[in-house]
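> Got a structure for you, run_3.cif, holding mmCIF, C-alpha atoms.
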data_structure
loop_
_atom_site.label_atom_id
_atom_site.label_comp_id
_atom_site.auth_asym_id
_atom_site.auth_seq_id
_atom_site.Cartn_x
_atom_site.Cartn_y
_atom_site.Cartn_z
CA MET A 128 11.89 -4.03 -39.77
CA GLU A 129 10.09 -6.69 -37.74
CA TYR A 130 11.84 -8.73 -35.06
CA VAL A 131 11.62 -12.22 -33.58
CA LYS A 132 12.42 -12.63 -29.89
CA LEU A 133 14.43 -15.71 -28.92
CA SER A 134 13.95 -17.68 -25.71
CA ASN A 135 16.64 -15.57 -23.99
CA ASP A 136 14.98 -12.31 -25.12
CA VAL A 137 17.56 -11.59 -27.81
CA GLU A 138 15.79 -9.88 -30.71
CA VAL A 139 16.61 -10.99 -34.24
CA PRO A 140 15.77 -8.88 -37.31
CA GLN A 141 13.31 -11.14 -39.11
CA LEU A 142 14.81 -10.29 -42.48
CA GLY A 143 18.52 -10.68 -43.07
CA PHE A 144 21.01 -11.05 -45.89
CA GLY A 145 22.66 -14.39 -46.74
CA VAL A 146 26.10 -14.87 -48.28
CA PHE A 147 25.99 -18.58 -49.12
CA GLN A 148 27.88 -19.25 -52.37
CA VAL A 149 29.07 -15.65 -52.54
CA ALA A 150 32.73 -15.71 -53.58
CA PRO A 151 35.08 -14.33 -50.91
CA ASP A 152 36.63 -11.82 -53.30
CA VAL A 153 33.30 -10.09 -53.98
CA THR A 154 31.62 -10.58 -50.59
CA LYS A 155 32.89 -7.35 -49.03
CA ASP A 156 31.52 -5.17 -51.82
CA ILE A 157 28.18 -7.00 -51.88
CA VAL A 158 27.76 -6.78 -48.11
CA ALA A 159 28.75 -3.11 -48.17
CA LYS A 160 26.04 -2.52 -50.77
CA ALA A 161 23.51 -4.43 -48.65
CA ILE A 162 24.41 -2.29 -45.64
CA GLU A 163 23.77 0.86 -47.70
CA VAL A 164 20.38 -0.53 -48.71
CA GLY A 165 19.51 -1.06 -45.05
CA TYR A 166 20.33 -4.64 -44.08
CA ARG A 167 21.74 -5.15 -40.60
CA HIS A 168 21.37 -8.92 -40.18
CA PHE A 169 23.99 -11.03 -41.99
CA ASP A 170 24.21 -14.81 -42.16
CA THR A 171 27.57 -16.40 -42.96
CA ALA A 172 29.41 -19.60 -42.03
CA GLN A 173 32.83 -21.10 -41.59
CA ALA A 174 32.16 -23.27 -44.67
CA TYR A 175 31.32 -20.25 -46.85
CA TYR A 176 34.91 -18.97 -46.59
CA ASN A 177 33.74 -15.36 -46.53
CA GLU A 178 33.56 -14.49 -42.82
CA GLU A 179 36.54 -12.15 -43.17
CA ALA A 180 34.90 -10.20 -45.97
CA VAL A 181 31.65 -9.88 -44.02
CA GLY A 182 33.53 -8.62 -40.99
CA GLN A 183 35.55 -6.15 -43.03
CA ALA A 184 32.47 -4.70 -44.71
CA ILE A 185 30.78 -4.21 -41.35
CA LYS A 186 33.88 -2.60 -39.86
CA GLU A 187 34.34 -0.25 -42.80
CA SER A 188 30.68 0.78 -42.73
CA GLY A 189 31.35 3.05 -39.75
CA ILE A 190 28.09 1.88 -38.18
CA PRO A 191 28.35 0.77 -34.53
CA ARG A 192 28.78 -3.01 -34.14
CA GLU A 193 25.75 -3.24 -31.85
CA GLU A 194 23.46 -2.20 -34.69
CA PHE A 195 24.32 -5.40 -36.56
CA PHE A 196 23.19 -8.97 -36.01
CA ILE A 197 25.81 -11.48 -37.19
CA THR A 198 25.18 -15.19 -37.54
CA THR A 199 27.89 -17.71 -38.35
CA LYS A 200 28.14 -21.48 -38.20
CA ILE A 201 30.69 -24.12 -37.25
CA TRP A 202 31.52 -26.81 -39.80
CA ASN A 203 31.76 -30.57 -39.21
CA THR A 204 35.55 -30.60 -39.32
CA ASP A 205 35.66 -28.65 -36.06
CA HIS A 206 33.10 -30.61 -34.07
CA GLY A 207 34.23 -31.57 -30.58
CA TYR A 208 34.58 -29.61 -27.36
CA GLU A 209 38.07 -28.14 -27.75
CA GLU A 210 37.76 -27.91 -31.51
CA ALA A 211 34.56 -25.87 -31.25
CA LYS A 212 36.13 -23.46 -28.79
CA LYS A 213 39.02 -22.86 -31.20
CA ALA A 214 36.68 -22.52 -34.18
CA CYS A 215 34.70 -19.84 -32.40
CA GLU A 216 37.85 -17.86 -31.66
CA GLU A 217 38.82 -18.11 -35.31
CA SER A 218 35.42 -16.86 -36.45
CA LEU A 219 35.61 -13.97 -33.98
CA ARG A 220 39.00 -13.05 -35.40
CA LYS A 221 37.82 -13.22 -39.00
CA LEU A 222 34.66 -11.24 -38.28
CA GLN A 223 36.68 -8.67 -36.28
CA THR A 224 34.22 -8.70 -33.41
CA ASP A 225 34.19 -9.49 -29.69
CA TYR A 226 30.99 -11.49 -29.92
CA ILE A 227 28.80 -13.41 -32.35
CA ASP A 228 25.08 -12.69 -32.17
CA LEU A 229 24.03 -16.21 -33.18
CA TYR A 230 26.31 -19.25 -33.42
CA LEU A 231 24.97 -22.37 -35.11
CA ILE A 232 26.01 -25.99 -35.57
CA HIS A 233 25.88 -26.11 -39.36
CA GLN A 234 25.19 -29.81 -39.87
CA ASN A 235 24.11 -32.69 -37.64
CA ILE A 236 27.27 -34.68 -38.37
CA GLY A 237 29.81 -36.05 -35.91
CA ASP A 238 30.08 -35.32 -32.19
CA VAL A 239 27.45 -32.62 -31.94
CA PHE A 240 26.97 -33.18 -28.21
CA ALA A 241 30.57 -32.24 -27.41
CA THR A 242 30.23 -29.27 -29.73
CA TRP A 243 27.02 -28.22 -28.02
CA ARG A 244 28.68 -28.32 -24.59
CA ALA A 245 31.27 -25.90 -25.94
CA PHE A 246 28.47 -23.74 -27.35
CA GLU A 247 26.80 -23.60 -23.94
CA GLU A 248 30.04 -22.41 -22.36
CA LEU A 249 30.67 -19.86 -25.10
CA TYR A 250 27.17 -18.52 -24.47
CA LYS A 251 27.75 -18.27 -20.71
CA GLU A 252 31.06 -16.50 -21.36
CA GLY A 253 29.32 -13.90 -23.52
CA LYS A 254 31.29 -14.71 -26.64
CA VAL A 255 28.03 -15.58 -28.36
CA LYS A 256 24.67 -13.98 -27.60
CA ALA A 257 22.53 -16.90 -28.76
CA ILE A 258 23.14 -20.50 -29.85
CA GLY A 259 21.33 -22.85 -32.16
CA VAL A 260 21.52 -25.49 -34.85
CA SER A 261 21.02 -25.84 -38.57
CA ASN A 262 19.71 -28.74 -40.64
CA PHE A 263 18.52 -30.74 -37.64
CA ALA A 264 15.55 -32.97 -38.44
CA LYS A 265 12.87 -33.06 -35.75
CA ASP A 266 14.00 -36.33 -34.14
CA ARG A 267 17.66 -35.29 -33.94
CA PHE A 268 16.70 -31.87 -32.66
CA VAL A 269 14.58 -33.34 -29.87
CA ASN A 270 17.38 -35.73 -28.94
CA LEU A 271 19.77 -32.81 -28.49
CA ALA A 272 17.20 -30.60 -26.76
CA LEU A 273 16.28 -33.24 -24.18
CA HIS A 274 19.88 -34.01 -23.28
CA SER A 275 21.29 -30.49 -23.05
CA GLU A 276 21.32 -27.79 -20.41
CA ILE A 277 20.37 -25.10 -22.92
CA THR A 278 17.85 -25.84 -25.63
CA PRO A 279 18.84 -24.59 -29.10
CA MET A 280 17.29 -21.18 -29.62
CA VAL A 281 17.14 -21.49 -33.41
CA ASN A 282 16.96 -24.23 -36.03
CA GLN A 283 17.88 -23.08 -39.53
CA ILE A 284 16.22 -25.39 -42.06
CA GLU A 285 14.97 -25.41 -45.62
CA VAL A 286 11.55 -23.78 -46.04
CA ASN A 287 10.09 -22.46 -49.28
CA PRO A 288 6.79 -22.69 -51.20
CA PHE A 289 7.79 -26.02 -52.77
CA TYR A 290 8.96 -27.46 -49.44
CA GLN A 291 6.78 -25.75 -46.88
CA GLN A 292 7.20 -27.94 -43.81
CA GLU A 293 3.75 -26.82 -42.72
CA GLY A 294 3.43 -26.49 -38.96
CA VAL A 295 7.19 -26.75 -38.36
CA GLU A 296 7.22 -23.39 -36.58
CA ASP A 297 4.59 -24.66 -34.12
CA PHE A 298 6.55 -27.86 -33.50
CA PHE A 299 9.74 -26.02 -32.56
CA ASP A 300 7.83 -23.40 -30.62
CA LYS A 301 7.11 -26.11 -28.03
CA TYR A 302 10.83 -26.02 -27.24
CA GLY A 303 11.08 -22.24 -27.33
CA THR A 304 13.01 -22.53 -30.60
CA LYS A 305 12.58 -20.23 -33.60
CA VAL A 306 12.82 -21.35 -37.22
CA GLU A 307 15.06 -19.74 -39.81
CA ALA A 308 14.55 -20.53 -43.49
CA TRP A 309 17.41 -21.20 -45.85
CA GLY A 310 16.61 -21.49 -49.55
CA PRO A 311 13.47 -19.35 -49.11
CA LEU A 312 13.19 -18.75 -52.84
CA ALA A 313 13.86 -22.44 -53.63
CA GLU A 314 17.12 -21.31 -55.25
CA GLY A 315 15.04 -20.30 -58.27
CA ARG A 316 14.17 -23.90 -59.09
CA ASP A 317 11.14 -25.30 -60.89
CA GLY A 318 10.18 -21.94 -62.37
CA ILE A 319 9.20 -20.51 -58.99
CA PHE A 320 9.49 -16.90 -60.21
CA GLN A 321 7.06 -17.64 -63.04
CA ASP A 322 4.52 -19.42 -60.85
CA GLU A 323 1.07 -18.10 -61.79
CA THR A 324 -0.38 -18.39 -58.28
CA LEU A 325 2.44 -16.33 -56.78
CA LYS A 326 2.35 -13.81 -59.63
CA THR A 327 -1.40 -13.33 -59.25
CA ILE A 328 -1.06 -12.78 -55.51
CA GLY A 329 1.79 -10.33 -56.06
CA ASP A 330 -0.21 -8.34 -58.61
CA GLN A 331 -2.84 -7.62 -55.95
CA TYR A 332 -0.27 -5.82 -53.82
CA GLY A 333 2.02 -4.47 -56.51
CA LYS A 334 4.73 -6.84 -55.33
CA SER A 335 7.03 -9.36 -56.99
CA VAL A 336 6.95 -13.13 -56.56
CA ALA A 337 10.04 -12.94 -54.35
CA GLN A 338 8.39 -10.35 -52.10
CA VAL A 339 5.27 -12.52 -51.78
CA ILE A 340 7.35 -15.55 -50.78
CA LEU A 341 9.40 -13.63 -48.22
CA ARG A 342 6.28 -12.01 -46.77
CA TRP A 343 4.63 -15.45 -46.53
CA LEU A 344 7.55 -16.70 -44.45
CA ILE A 345 7.59 -13.61 -42.25
CA GLN A 346 3.88 -14.01 -41.51
CA ARG A 347 4.61 -17.57 -40.41
CA GLY A 348 7.00 -16.12 -37.84
CA ILE A 349 10.04 -17.50 -39.64
CA ILE A 350 13.36 -15.64 -39.88
CA VAL A 351 14.55 -15.35 -43.46
CA PHE A 352 17.63 -14.11 -45.33
CA PRO A 353 17.55 -14.01 -49.13
CA LYS A 354 20.69 -13.22 -51.09
CA SER A 355 21.31 -11.13 -54.18
CA SER A 356 24.27 -9.35 -55.68
CA ALA A 357 22.04 -6.87 -57.54
CA GLU A 358 21.20 -3.66 -55.69
CA GLY A 359 17.71 -3.56 -57.18
CA ARG A 360 16.91 -7.03 -55.86
CA MET A 361 18.38 -6.14 -52.48
CA LYS A 362 16.02 -3.18 -52.24
CA GLU A 363 13.08 -5.26 -53.42
CA ASN A 364 13.75 -8.04 -50.91
CA ILE A 365 13.80 -5.66 -47.96
CA ASP A 366 10.64 -3.84 -49.04
CA LEU A 367 8.27 -6.23 -47.25
CA PHE A 368 6.77 -4.31 -44.39
CA ASP A 369 4.15 -2.17 -46.10
CA PHE A 370 1.76 -5.00 -46.97
CA GLU A 371 0.29 -8.15 -45.46
CA LEU A 372 -0.97 -11.28 -47.19
CA SER A 373 -4.58 -12.21 -46.51
CA ASP A 374 -5.56 -15.52 -44.96
CA GLU A 375 -6.90 -16.50 -48.38
CA ASP A 376 -3.53 -15.79 -50.00
CA MET A 377 -1.73 -17.79 -47.33
CA GLU A 378 -4.05 -20.73 -48.08
CA LYS A 379 -3.43 -20.43 -51.83
CA ILE A 380 0.32 -20.65 -51.27
CA LYS A 381 -0.20 -23.88 -49.30
CA THR A 382 -1.39 -25.54 -52.52
CA LEU A 383 2.08 -25.12 -54.05
CA ASP A 384 3.76 -27.53 -51.63
CA LYS A 385 5.49 -30.42 -53.44
CA ASN A 386 7.18 -31.72 -50.28
CA GLU A 387 10.40 -31.95 -52.28
CA PRO A 388 13.47 -30.57 -50.50
CA ILE A 389 16.51 -29.20 -52.26
CA ALA A 390 18.56 -31.31 -49.84
CA ASP A 391 17.19 -34.35 -48.04
CA ILE A 392 19.11 -34.00 -44.78
CA THR A 393 17.77 -37.32 -43.49
CA SER A 394 19.13 -39.45 -46.34
CA PRO A 395 22.27 -41.61 -45.86
CA GLN A 396 23.61 -40.23 -49.13
CA PHE A 397 23.41 -36.67 -47.84
CA VAL A 398 25.17 -37.62 -44.60
CA GLU A 399 27.94 -39.36 -46.53
CA MET A 400 28.38 -36.40 -48.86
CA ILE A 401 28.48 -33.83 -46.07
CA SER A 402 30.80 -35.96 -43.94
CA ASN A 403 33.33 -35.97 -46.76
CA TYR A 404 33.02 -32.27 -47.55
#
Write out the structure in this file as structure tokens.


Amino acid sequence: MEYVKLSNDVEVPQLGFGVFQVAPDVTKDIVAKAIEVGYRHFDTAQAYYNEEAVGQAIKESGIPREEFFITTKIWNTDHGYEEAKKACEESLRKLQTDYIDLYLIHQNIGDVFATWRAFEELYKEGKVKAIGVSNFAKDRFVNLALHSEITPMVNQIEVNPFYQQEGVEDFFDKYGTKVEAWGPLAEGRDGIFQDETLKTIGDQYGKSVAQVILRWLIQRGIIVFPKSSAEGRMKENIDLFDFELSDEDMEKIKTLDKNEPIADITSPQFVEMISNY
């Protein structure tokens, strides 16, 4: 495993396991399987409704809590200072843990400044080891960073070969902030797994298209967490540390960028939809 060090020296496993859109009733078994495969970094959220199952799988694994890195996120309905404090306590209860490794504001909707003040206090109290944001466009991120005591340590955003956000890791690095990629495999859209460029690159290393994409993100210094319910895919997705893409391969992947996000977080329509979720 490779690690990314945050601005407060907390080390994050660069590869994790995501549980977005994993039904609560099957999450525990899937996470348990991922733990057996070797995953120790898990990314969940209040809005996924599966925090309890993630926490139960980790508890039942018998592996010490400190060997895991758990990320969860607060949803818009609990933004606000007091509301955020209560939401964190609820997530701690559901996850059956005394602390959250990384706590994120899930969406830039509502009173994020009051929520961030609560996050700063939760961090100082030791209830969370690191704090950050998700789906913050550059301008909104800078606005929060410049008017806060603690700069967000992470921004979790969409990054994949069809929406590469080239140079985004360098932009956030100026603020000491690391990038995490959601939707790293473009949610399987636009025939990404049949892309000839990615297949050709993978053939050179004896790796799949998914492995090439994940390795590409890792070499950019981006934290990534694919998801799969199939044990074979889980094993494949974690098998990334015995090869390295050449500079030429990295340049070839750049040519695939369509600059088309799965979700345009800056559009009024997206804000309206998320606000009503």

> Excluding Ile350 of chain A and any residue of its chain fewer than 4 positions from it, enumerate the residues within 10 Å of it, using only C-alpha atoms, and give them as a VMD selection string.

chain A and resid 129 to 131 139 to 143 281 283 305 to 309 311 341 344 to 346

> Would you mind exporting the chosen residues as a PDB file, in the coordinates of the input, restricted to C-alpha atoms?


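To be explicit, this is the file written out as out39.pdb:
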ATOM      1  CA  GLU A 129      10.090  -6.690 -37.740  1.00  0.00           C
ATOM      2  CA  TYR A 130      11.840  -8.730 -35.060  1.00  0.00           C
ATOM      3  CA  VAL A 131      11.620 -12.220 -33.580  1.00  0.00           C
ATOM      4  CA  VAL A 139      16.610 -10.990 -34.240  1.00  0.00           C
ATOM      5  CA  PRO A 140      15.770  -8.880 -37.310  1.00  0.00           C
ATOM      6  CA  GLN A 141      13.310 -11.140 -39.110  1.00  0.00           C
ATOM      7  CA  LEU A 142      14.810 -10.290 -42.480  1.00  0.00           C
ATOM      8  CA  GLY A 143      18.520 -10.680 -43.070  1.00  0.00           C
ATOM      9  CA  VAL A 281      17.140 -21.490 -33.410  1.00  0.00           C
ATOM     10  CA  GLN A 283      17.880 -23.080 -39.530  1.00  0.00           C
ATOM     11  CA  LYS A 305      12.580 -20.230 -33.600  1.00  0.00           C
ATOM     12  CA  VAL A 306      12.820 -21.350 -37.220  1.00  0.00           C
ATOM     13  CA  GLU A 307      15.060 -19.740 -39.810  1.00  0.00           C
ATOM     14  CA  ALA A 308      14.550 -20.530 -43.490  1.00  0.00           C
ATOM     15  CA  TRP A 309      17.410 -21.200 -45.850  1.00  0.00           C
ATOM     16  CA  PRO A 311      13.470 -19.350 -49.110  1.00  0.00           C
ATOM     17  CA  LEU A 341       9.400 -13.630 -48.220  1.00  0.00           C
ATOM     18  CA  LEU A 344       7.550 -16.700 -44.450  1.00  0.00           C
ATOM     19  CA  ILE A 345       7.590 -13.610 -42.250  1.00  0.00           C
ATOM     20  CA  GLN A 346       3.880 -14.010 -41.510  1.00  0.00           C
TER      21      GLN A 346
END

> So the first atom is atom CA of Asp238 of chain A and the second is atom CA of Ser218 of chain A; what is the distance between them in Å, to one decimal place?

19.7 Å

> Report as a count of residues only the residues that result from applying the PyMOL selection byres ((chain A and resi 171) around 8) to the structure here.

15

> Can you list what the PyMOL selection byres ((chain A and resi 312-328) around 12) grabs from this structure, as a PyMOL selection string?

chain A and resi 147-148+285-291+308-311+329-344+351-355+364+370-390

> In the coordinates of the file, take the point (24.6, -22.7, -20.5) and a cut-off of 12 Å; then, counting all atoms listed in the file, name each qualifying protein, DNA or RNA residue as a PyMOL selection string.

chain A and resi 135+243-253+255-258+275-280

> Counting all atoms listed in the file, figure out which residue out of A:Val260, A:Ala150, A:Ala161, A:Val137 gets nearest to Ile201 of chain A.

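When distances to Ile201 of chain A are compared using all atoms listed in the file, the smallest one comes from A:Val260.
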
> Using Å and a single decimal, report how far atom CA of Gly259 of chain A sits from atom CA of Asn282 of chain A.

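Straight-line distance from atom CA of Asn282 of chain A to atom CA of Gly259 of chain A works out to 6.0 Å.
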
> Can you work out the spacing between atom CA of Asn203 of chain A and atom CA of Ser402 of chain A in Å, to one decimal?

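Between these atoms lies a distance of 7.2 Å.
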
> Leaving out Lys186 of chain A and any residue of its chain fewer than 5 positions from it, which residues lie within 9 Å of it when counting all atoms listed in the file, given as a VMD selection string?

chain A and resid 181 191 to 192 222 to 224

> Tell me which protein, DNA and RNA residues are within 10 Å of segment 391-398 of chain A, counting only C-alpha atoms, leaving out same-chain ones fewer than 3 positions away, and put them as a VMD selection string.

chain A and resid 234 to 237 262 to 264 267 284 to 285 387 to 388 401 to 404

> Could you tell me, as a list in words, which residues have any atom at most 12 Å from (15.0, -1.9, -51.3), counting all atoms listed in the file?

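Those within range, by chain then number, are Lys160, Ala161, Ile162, Glu163, Val164, Gly165, Tyr166, Gln338, Ser355, Ala357, Glu358, Gly359, Arg360, Met361, Lys362, Glu363, Asn364, Ile365, Asp366, Leu367 and Phe368 of chain A.
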
> Using all atoms listed in the file, which of A:Asp156, A:Asp297, A:Asp136, A:Glu399 sits nearest Glu187 of chain A?

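Looking at the shortest contact to Glu187 of chain A, the residue is A:Asp156.
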
> My list of candidates is A:Glu193, A:Gln183, A:Ser188, A:Gly294. Which is closest to Tyr226 of chain A when distances are computed with only C-alpha atoms?

A:Glu193

> Output as an mmCIF file, in the frame of the given file: segment 324-335 of chain A, completed with all heavy atoms.


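Output below, filename out_14.cif:
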data_model
loop_
_atom_site.group_PDB
_atom_site.id
_atom_site.type_symbol
_atom_site.label_atom_id
_atom_site.label_comp_id
_atom_site.auth_asym_id
_atom_site.auth_seq_id
_atom_site.Cartn_x
_atom_site.Cartn_y
_atom_site.Cartn_z
ATOM 1 N N THR A 324 0.286 -18.681 -59.553
ATOM 2 C CA THR A 324 -0.380 -18.390 -58.280
ATOM 3 C C THR A 324 0.340 -17.263 -57.541
ATOM 4 O O THR A 324 -0.286 -16.304 -57.063
ATOM 5 C CB THR A 324 -0.419 -19.645 -57.390
ATOM 6 O OG1 THR A 324 -1.197 -20.654 -58.045
ATOM 7 C CG2 THR A 324 -1.031 -19.337 -56.027
ATOM 8 N N LEU A 325 1.658 -17.356 -57.471
ATOM 9 C CA LEU A 325 2.440 -16.330 -56.780
ATOM 10 C C LEU A 325 2.398 -15.000 -57.510
ATOM 11 O O LEU A 325 2.335 -13.938 -56.884
ATOM 12 C CB LEU A 325 3.879 -16.811 -56.598
ATOM 13 C CG LEU A 325 4.065 -18.035 -55.696
ATOM 14 C CD1 LEU A 325 5.494 -18.549 -55.778
ATOM 15 C CD2 LEU A 325 3.695 -17.714 -54.249
ATOM 16 N N LYS A 326 2.420 -15.045 -58.848
ATOM 17 C CA LYS A 326 2.350 -13.810 -59.630
ATOM 18 C C LYS A 326 1.005 -13.115 -59.441
ATOM 19 O O LYS A 326 0.943 -11.891 -59.286
ATOM 20 C CB LYS A 326 2.587 -14.127 -61.107
ATOM 21 C CG LYS A 326 4.046 -14.452 -61.433
ATOM 22 C CD LYS A 326 4.215 -14.962 -62.854
ATOM 23 C CE LYS A 326 3.929 -13.891 -63.882
ATOM 24 N NZ LYS A 326 4.183 -14.390 -65.261
ATOM 25 N N THR A 327 -0.057 -13.906 -59.423
ATOM 26 C CA THR A 327 -1.400 -13.330 -59.250
ATOM 27 C C THR A 327 -1.536 -12.677 -57.879
ATOM 28 O O THR A 327 -2.092 -11.581 -57.745
ATOM 29 C CB THR A 327 -2.473 -14.420 -59.419
ATOM 30 O OG1 THR A 327 -2.382 -14.962 -60.742
ATOM 31 C CG2 THR A 327 -3.866 -13.849 -59.214
ATOM 32 N N ILE A 328 -1.020 -13.354 -56.854
ATOM 33 C CA ILE A 328 -1.060 -12.780 -55.510
ATOM 34 C C ILE A 328 -0.247 -11.486 -55.475
ATOM 35 O O ILE A 328 -0.687 -10.464 -54.935
ATOM 36 C CB ILE A 328 -0.522 -13.786 -54.469
ATOM 37 C CG1 ILE A 328 -1.479 -14.973 -54.332
ATOM 38 C CG2 ILE A 328 -0.324 -13.109 -53.107
ATOM 39 C CD1 ILE A 328 -0.952 -16.103 -53.475
ATOM 40 N N GLY A 329 0.940 -11.514 -56.062
ATOM 41 C CA GLY A 329 1.790 -10.330 -56.060
ATOM 42 C C GLY A 329 1.149 -9.144 -56.767
ATOM 43 O O GLY A 329 1.276 -7.998 -56.318
ATOM 44 N N ASP A 330 0.432 -9.422 -57.862
ATOM 45 C CA ASP A 330 -0.210 -8.340 -58.610
ATOM 46 C C ASP A 330 -1.232 -7.584 -57.764
ATOM 47 O O ASP A 330 -1.437 -6.375 -57.952
ATOM 48 C CB ASP A 330 -0.899 -8.914 -59.858
ATOM 49 C CG ASP A 330 0.099 -9.349 -60.922
ATOM 50 O OD1 ASP A 330 1.276 -8.937 -60.833
ATOM 51 O OD2 ASP A 330 -0.302 -10.104 -61.831
ATOM 52 N N GLN A 331 -1.857 -8.283 -56.816
ATOM 53 C CA GLN A 331 -2.840 -7.620 -55.950
ATOM 54 C C GLN A 331 -2.208 -6.531 -55.095
ATOM 55 O O GLN A 331 -2.865 -5.545 -54.737
ATOM 56 C CB GLN A 331 -3.480 -8.656 -55.011
ATOM 57 C CG GLN A 331 -4.270 -9.761 -55.661
ATOM 58 C CD GLN A 331 -4.776 -10.728 -54.623
ATOM 59 O OE1 GLN A 331 -5.724 -10.423 -53.888
ATOM 60 N NE2 GLN A 331 -4.148 -11.873 -54.526
ATOM 61 N N TYR A 332 -0.945 -6.731 -54.749
ATOM 62 C CA TYR A 332 -0.270 -5.820 -53.820
ATOM 63 C C TYR A 332 0.782 -4.958 -54.519
ATOM 64 O O TYR A 332 1.444 -4.142 -53.855
ATOM 65 C CB TYR A 332 0.405 -6.618 -52.707
ATOM 66 C CG TYR A 332 -0.539 -7.504 -51.926
ATOM 67 C CD1 TYR A 332 -0.689 -8.856 -52.263
ATOM 68 C CD2 TYR A 332 -1.293 -7.008 -50.865
ATOM 69 C CE1 TYR A 332 -1.549 -9.675 -51.548
ATOM 70 C CE2 TYR A 332 -2.162 -7.820 -50.146
ATOM 71 C CZ TYR A 332 -2.286 -9.153 -50.505
ATOM 72 O OH TYR A 332 -3.147 -9.973 -49.793
ATOM 73 N N GLY A 333 0.966 -5.179 -55.818
ATOM 74 C CA GLY A 333 2.020 -4.470 -56.510
ATOM 75 C C GLY A 333 3.393 -4.954 -56.093
ATOM 76 O O GLY A 333 4.341 -4.165 -56.024
ATOM 77 N N LYS A 334 3.492 -6.246 -55.808
ATOM 78 C CA LYS A 334 4.730 -6.840 -55.330
ATOM 79 C C LYS A 334 5.182 -7.979 -56.236
ATOM 80 O O LYS A 334 4.386 -8.567 -56.962
ATOM 81 C CB LYS A 334 4.546 -7.385 -53.893
ATOM 82 C CG LYS A 334 4.216 -6.318 -52.858
ATOM 83 C CD LYS A 334 5.371 -5.353 -52.618
ATOM 84 C CE LYS A 334 5.058 -4.344 -51.527
ATOM 85 N NZ LYS A 334 6.190 -3.428 -51.268
ATOM 86 N N SER A 335 6.468 -8.285 -56.172
ATOM 87 C CA SER A 335 7.030 -9.360 -56.990
ATOM 88 C C SER A 335 6.788 -10.718 -56.348
ATOM 89 O O SER A 335 6.381 -10.817 -55.174
ATOM 90 C CB SER A 335 8.545 -9.153 -57.142
ATOM 91 O OG SER A 335 9.193 -9.375 -55.894
#
